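Engineer: A single structure is presented below for examination.
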Amino acid sequence: MKVVAYTQCRPSSDPEALLDLDLPEPPAPKGRDLLVEVRAVSVNPLDTKQRGRADPKGEPKILGFDAAGVVRAVGPEARLFGVGNEVFYAGAVNRSGSNAQFQLVDERIVGPRPAKLDFAESAALPLTSITAWEALFDRLRIPHGASGAALLVVGGAGGVGSMAIQLARALTGLTVIATASRPETREWCERLGAHHVLDHAGDLAAQVKALGVAVPWIFCTTQTERHWRAICDIIAPQGLVCAIDEPMTLEVGRLKPKAAGLVWEAMFARILFSTADIEAQHALLKEVSLLADAGTIRSTLTRRLGPISAAALLEGHRLVEEGRMIGKAVAEGWNDPN
């Protein structure tokens with residue numbers, strides 16, 4: 001089968017940072033695994049971080065943590081999907097990735113892909129949808145239908161922030177405040193439904209104060225360390241802050257006077273540690289698919305990279321590394337080997 005892989009850590013400026021290779025197809029699925037024929041994949045910051053830091057010691061390592069495709073075989077214990085079903089998923093960080101024509105994936109972290117979106121539009125959704133959903137409803141514990149207060153999403157124009165805005169608007173009555181620093185990112189957040197878009201390059205605490213709303217929930221998708229003091233000023237007493245990045249140091253004691261808390265979102269935790277609620281990711285992806293088909297949320301696909309290849313995905317890596325990407329970049333289909 002065709003795959004895009006890397007064999008050593010190289011910068012994205014190196015044309016051989018990713019390679020087009022032919023590798024054996026995966027074995028027949030066991031347990032609750034599905035064998036999926038991959039039709040489209042999207043690029044995430046995790047891809048660039050692994051390519052730059054995780055040394056495969058000369059062995060081909062397949063990245064890819066977002067896919068949409070068709071089930072071609074099911075394990076003997078699979079019960080959620082059958083052959084021919086169209087699916088989307090983020091996969092698992094400790095297994096071979098989605099940048100391959102065929103991939104094995106546990107059905108408990110797979111959802112039925114939105115019927116009204118194409119494969120590329122669907123592939124833009126899984127990782128960011130899971131991360132945003134878990135951050136809002138599992139980590140911050142925002143009740144569905146909550147109202148009368150505000151949610152602040154720091155970094156609203158990225159993949160995760162884009163989904164957090166949409167899910168909060170779709171499933172709660174909260175005032176959704178996003179941050180962005182460029183005209184095009186502000187416009188993007190507004191189009192996704194943010195009630196207010198603030199400039200995180202300015203005095204964020206003062207801007208929130210001027211709105212006159214209580215903010216018991218803050219979801220920081222990027223640069224938590226940079227914004228930490230403002231976050232601590234903004235958070236309401238007994239509120240919660242959720243972060244997904246990797247700040248080197250945080251003055252967590254600043255939350256104590258307000259009895260506020262800090263929680264982390266790591267969307268691979270359920271599958272990595274085999275938690276009892278792994279199937280919650282199937283359930284939430286199913287709900288995301290229904291919301292997309294109803295037109296309540298939209299795909300965050302903004303860049304089509306062409307057919308899946310090393311060159312196309314490396315272009316996606318470069319876009320992500322520039323730090324100015326709005327939404328998601330997706331590659332779809334495989335060139336005919338003949």
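Labels used: A, B, ... for chains in the order of the structure tokens, numbers from 1 for residues in each chain, and numbers from 1 for ligands as shown.
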Please provide as a list in words all residues within 6 Å of A:Pro216, with the sequence filter that same-chain residues fewer than 6 positions apart are discarded (counting only C-alpha atoms).

Structural biologist: Ile235, Ala236 and Gly239 of chain A

Engineer: Hey, what's within 10 Å of A:Arg113 if we count only C-alpha atoms and toss same-chain stuff fewer than 2 positions away? As a PDB file with C-alpha atoms, in the first residue's frame, please?

Structural biologist:
ATOM      1  CA  ALA A  67      -8.988  10.597   8.562  1.00  0.00           C
ATOM      2  CA  ALA A  68     -12.167   9.920   6.656  1.00  0.00           C
ATOM      3  CA  GLY A  69     -12.608   6.685   4.783  1.00  0.00           C
ATOM      4  CA  VAL A  70     -14.517   3.471   4.163  1.00  0.00           C
ATOM      5  CA  ASN A  85     -19.645   2.148   6.244  1.00  0.00           C
ATOM      6  CA  GLU A  86     -18.117   5.586   5.769  1.00  0.00           C
ATOM      7  CA  VAL A  87     -16.332   6.830   8.889  1.00  0.00           C
ATOM      8  CA  PHE A  88     -14.140   9.574  10.344  1.00  0.00           C
ATOM      9  CA  TYR A  89     -11.760   9.485  13.300  1.00  0.00           C
ATOM     10  CA  VAL A 110     -14.586   6.159  15.307  1.00  0.00           C
ATOM     11  CA  GLY A 111     -17.739   7.970  14.186  1.00  0.00           C
ATOM     12  CA  ALA A 115     -23.254  12.372   4.941  1.00  0.00           C
ATOM     13  CA  LYS A 116     -23.623  15.968   3.744  1.00  0.00           C
ATOM     14  CA  LEU A 117     -19.881  16.655   3.754  1.00  0.00           C
ATOM     15  CA  ASP A 118     -17.332  15.223   1.345  1.00  0.00           C
ATOM     16  CA  PHE A 119     -14.411  13.122   2.559  1.00  0.00           C
ATOM     17  CA  GLU A 121     -14.505  18.229   4.710  1.00  0.00           C
ATOM     18  CA  SER A 122     -15.093  15.303   7.074  1.00  0.00           C
ATOM     19  CA  ALA A 123     -11.373  14.652   7.613  1.00  0.00           C
ATOM     20  CA  LEU A 125     -13.170  17.515  11.926  1.00  0.00           C
ATOM     21  CA  PRO A 126     -12.273  14.549  14.179  1.00  0.00           C
ATOM     22  CA  LEU A 285     -18.220  11.979  16.944  1.00  0.00           C
ATOM     23  CA  LYS A 286     -21.659  10.612  16.141  1.00  0.00           C
ATOM     24  CA  VAL A 288     -20.746  15.976  15.685  1.00  0.00           C
ATOM     25  CA  SER A 289     -21.732  14.159  12.492  1.00  0.00           C
ATOM     26  CA  LEU A 290     -25.420  14.808  13.184  1.00  0.00           C
ATOM     27  CA  ALA A 292     -22.798  18.798  10.632  1.00  0.00           C
ATOM     28  CA  ASP A 293     -25.557  17.106   8.638  1.00  0.00           C
TER      29      ASP A 293
END

Engineer: Which residues in stretch 24-238 of chain A does DSSP call alpha helix (DSSP H)? List them as a VMD selection string.

Structural biologist: chain A and resid 45 to 53 119 to 123 126 to 133 159 to 171 183 to 192 204 to 211 224 to 234

Engineer: Which residues of stretch 209-261 of chain A come within 8 Å of stretch 133-141 of chain A, and for each one, what is the closest pair of atoms and their distance in Å to one decimal, counting only C-alpha atoms, sorted by chain and residue number, as a tab-separated table?

Structural biologist:
residue	atom	partner	partner_atom	distance
A:Trp217	CA	A:Leu140	CA	6.7
A:Phe219	CA	A:Ala135	CA	7.3
A:Leu240	CA	A:Leu140	CA	6.0
A:Val241	CA	A:Leu140	CA	7.1
A:Cys242	CA	A:Leu140	CA	6.5

Engineer: Can you write just those residues out, all heavy atoms, as an mmCIF file, in the first residue's frame?

Structural biologist:
data_model
loop_
_atom_site.group_PDB
_atom_site.id
_atom_site.type_symbol
_atom_site.label_atom_id
_atom_site.label_comp_id
_atom_site.auth_asym_id
_atom_site.auth_seq_id
_atom_site.Cartn_x
_atom_site.Cartn_y
_atom_site.Cartn_z
ATOM 1 N N TRP A 217 -15.702 30.011 32.684
ATOM 2 C CA TRP A 217 -15.013 28.981 31.908
ATOM 3 C C TRP A 217 -14.089 29.624 30.883
ATOM 4 O O TRP A 217 -14.507 30.484 30.096
ATOM 5 C CB TRP A 217 -16.013 28.084 31.184
ATOM 6 C CG TRP A 217 -16.927 27.335 32.106
ATOM 7 C CD1 TRP A 217 -16.606 26.315 32.963
ATOM 8 C CD2 TRP A 217 -18.333 27.546 32.258
ATOM 9 N NE1 TRP A 217 -17.720 25.879 33.641
ATOM 10 C CE2 TRP A 217 -18.802 26.618 33.235
ATOM 11 C CE3 TRP A 217 -19.257 28.422 31.681
ATOM 12 C CZ2 TRP A 217 -20.130 26.542 33.625
ATOM 13 C CZ3 TRP A 217 -20.585 28.355 32.059
ATOM 14 C CH2 TRP A 217 -21.004 27.425 33.022
ATOM 15 N N PHE A 219 -11.198 28.415 27.951
ATOM 16 C CA PHE A 219 -10.535 27.358 27.198
ATOM 17 C C PHE A 219 -9.390 27.989 26.435
ATOM 18 O O PHE A 219 -9.597 28.780 25.520
ATOM 19 C CB PHE A 219 -11.522 26.683 26.250
ATOM 20 C CG PHE A 219 -10.936 25.559 25.428
ATOM 21 C CD1 PHE A 219 -9.833 24.827 25.864
ATOM 22 C CD2 PHE A 219 -11.497 25.216 24.213
ATOM 23 C CE1 PHE A 219 -9.300 23.789 25.116
ATOM 24 C CE2 PHE A 219 -10.984 24.177 23.449
ATOM 25 C CZ PHE A 219 -9.886 23.470 23.905
ATOM 26 N N LEU A 240 -13.204 27.501 36.080
ATOM 27 C CA LEU A 240 -12.248 26.511 35.609
ATOM 28 C C LEU A 240 -11.572 26.987 34.330
ATOM 29 O O LEU A 240 -12.214 27.577 33.458
ATOM 30 C CB LEU A 240 -12.929 25.167 35.331
ATOM 31 C CG LEU A 240 -13.268 24.276 36.529
ATOM 32 C CD1 LEU A 240 -14.063 23.061 36.061
ATOM 33 C CD2 LEU A 240 -12.001 23.831 37.245
ATOM 34 N N VAL A 241 -10.275 26.693 34.249
ATOM 35 C CA VAL A 241 -9.488 26.973 33.058
ATOM 36 C C VAL A 241 -9.028 25.638 32.484
ATOM 37 O O VAL A 241 -8.537 24.777 33.219
ATOM 38 C CB VAL A 241 -8.248 27.831 33.390
ATOM 39 C CG1 VAL A 241 -7.423 28.087 32.137
ATOM 40 C CG2 VAL A 241 -8.654 29.133 34.071
ATOM 41 N N CYS A 242 -9.187 25.459 31.174
ATOM 42 C CA CYS A 242 -8.685 24.255 30.504
ATOM 43 C C CYS A 242 -7.654 24.662 29.474
ATOM 44 O O CYS A 242 -7.875 25.609 28.701
ATOM 45 C CB CYS A 242 -9.818 23.485 29.830
ATOM 46 S SG CYS A 242 -9.264 21.982 28.976
#

Engineer: At a cut-off of 8 Å, using only C-alpha atoms, what residues contact stretch 299-315 of chain A? Leave out same-chain residues fewer than 5 positions from it and give the result as number ranges by chain.

Structural biologist: A: 3-5, 12, 15, 17-20, 40-41, 43, 99, 117, 120-122, 124-125, 159, 162-163, 292, 326-335

Engineer: Could you write out that same residue set with C-alpha atoms as a PDB file, in the first residue's frame?

Structural biologist:
ATOM      1  CA  VAL A   3       2.009   5.557   2.637  1.00  0.00           C
ATOM      2  CA  VAL A   4       3.577   8.883   3.563  1.00  0.00           C
ATOM      3  CA  ALA A   5       6.151   8.376   6.318  1.00  0.00           C
ATOM      4  CA  SER A  12      10.004  20.924   6.939  1.00  0.00           C
ATOM      5  CA  PRO A  15      12.076  18.016   0.787  1.00  0.00           C
ATOM      6  CA  ALA A  17      11.305  15.320   5.633  1.00  0.00           C
ATOM      7  CA  LEU A  18       8.376  13.155   4.468  1.00  0.00           C
ATOM      8  CA  LEU A  19       8.669  10.283   1.991  1.00  0.00           C
ATOM      9  CA  ASP A  20       6.336   8.439  -0.379  1.00  0.00           C
ATOM     10  CA  ALA A  40      -8.722  11.946   3.116  1.00  0.00           C
ATOM     11  CA  VAL A  41      -6.438  13.151   5.909  1.00  0.00           C
ATOM     12  CA  VAL A  43      -2.672  17.987   9.098  1.00  0.00           C
ATOM     13  CA  ASN A  99      -1.274   8.805   6.136  1.00  0.00           C
ATOM     14  CA  LEU A 117     -19.881  16.655   3.754  1.00  0.00           C
ATOM     15  CA  ALA A 120     -12.041  16.095   2.752  1.00  0.00           C
ATOM     16  CA  GLU A 121     -14.505  18.229   4.710  1.00  0.00           C
ATOM     17  CA  SER A 122     -15.093  15.303   7.074  1.00  0.00           C
ATOM     18  CA  ALA A 124     -10.927  18.203   8.932  1.00  0.00           C
ATOM     19  CA  LEU A 125     -13.170  17.515  11.926  1.00  0.00           C
ATOM     20  CA  GLY A 159      -8.604  24.155  14.382  1.00  0.00           C
ATOM     21  CA  SER A 162     -12.909  26.913  15.586  1.00  0.00           C
ATOM     22  CA  MET A 163     -14.716  23.817  16.816  1.00  0.00           C
ATOM     23  CA  ALA A 292     -22.798  18.798  10.632  1.00  0.00           C
ATOM     24  CA  ILE A 326      -6.881  29.401   9.874  1.00  0.00           C
ATOM     25  CA  GLY A 327      -8.899  26.189  10.053  1.00  0.00           C
ATOM     26  CA  LYS A 328      -7.480  22.960   8.601  1.00  0.00           C
ATOM     27  CA  ALA A 329      -5.459  21.791   5.587  1.00  0.00           C
ATOM     28  CA  VAL A 330      -6.565  18.481   4.022  1.00  0.00           C
ATOM     29  CA  ALA A 331      -5.216  16.093   1.390  1.00  0.00           C
ATOM     30  CA  GLU A 332      -7.657  13.785  -0.397  1.00  0.00           C
ATOM     31  CA  GLY A 333      -7.282  10.707  -2.589  1.00  0.00           C
ATOM     32  CA  TRP A 334      -4.248   8.828  -3.876  1.00  0.00           C
ATOM     33  CA  ASN A 335      -2.656   9.172  -7.272  1.00  0.00           C
TER      34      ASN A 335
END

Engineer: Between A:Gln166, A:Gln281, A:Thr131, A:Gln103, which residue has the minimum interatomic distance to A:Ala266, considering only C-alpha atoms?

Structural biologist: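 Of the candidates, the smallest distance to A:Ala266 is held by A:Thr131.
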
Engineer: Would you mind telling me which residue in A:Ile62, A:Thr175, A:Leu23, A:Leu291 lies nearest to A:Ser96 when using only C-alpha atoms?

Structural biologist: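 With only C-alpha atoms as the atom set, the closest residue is A:Ile62.
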
Engineer: Of the residues A:Ala194, A:Leu80, A:Ala132, A:Pro183, which is the one nearest to A:Gly161, using only C-alpha atoms?

Structural biologist: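 With only C-alpha atoms as the atom set, the closest residue is A:Ala132.
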
Engineer: In stretch 77-286 of chain A, what's strand (DSSP E or B) per DSSP? Answer as a VMD selection string?

Structural biologist: chain A and resid 86 to 89 100 102 to 106 110 to 112 147 to 154 173 to 179 196 to 198 217 to 220 240 to 243 261 to 264

Engineer: Which residue out of A:Val154, A:Val105, A:Met267, A:Met325 has the minimum interatomic distance to A:Ser129 when only C-alpha atoms are used?

Structural biologist: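 Nearest candidate to A:Ser129 out of A:Val154, A:Val105, A:Met267, A:Met325: A:Met267.
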
Engineer: Of the candidates A:Phe268, A:Gly156, A:Ile218, A:Arg182, which shows the shortest atom-to-atom distance to A:His195, using only C-alpha atoms?

Structural biologist: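 Answer, going by the shortest atom-to-atom distance: A:Gly156.
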
Engineer: Find, counting only C-alpha atoms, the residue in A:Arg108, A:Gly58, A:Thr179, A:Glu322 that gets nearest to A:Thr275.

Structural biologist: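 Of the candidates, the smallest distance to A:Thr275 is held by A:Arg108.
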
Engineer: Expressed in Å to a single decimal, how great is the separation between atom CA of A:Glu77 and atom CA of A:Gly97?

Structural biologist: 22.1 Å

Engineer: Give me, please, the distance in Å between atom CA of A:Ser13 and atom CA of A:Ala90, quoted to one decimal.

Structural biologist: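 These two atoms are separated by 26.2 Å.
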
Engineer: Kindly give the distance, in Å, that separates atom CA of A:Asn44 and atom CA of A:Val320, rounded to a single decimal.

Structural biologist: 7.2 Å

Engineer: Extract, using only C-alpha atoms, all DNA, RNA and protein residues at most 9 Å from A:Glu251, discarding same-chain residues fewer than 4 positions from it, and format them as a ChimeraX atom specification.

Structural biologist: /A:225,228-229,255
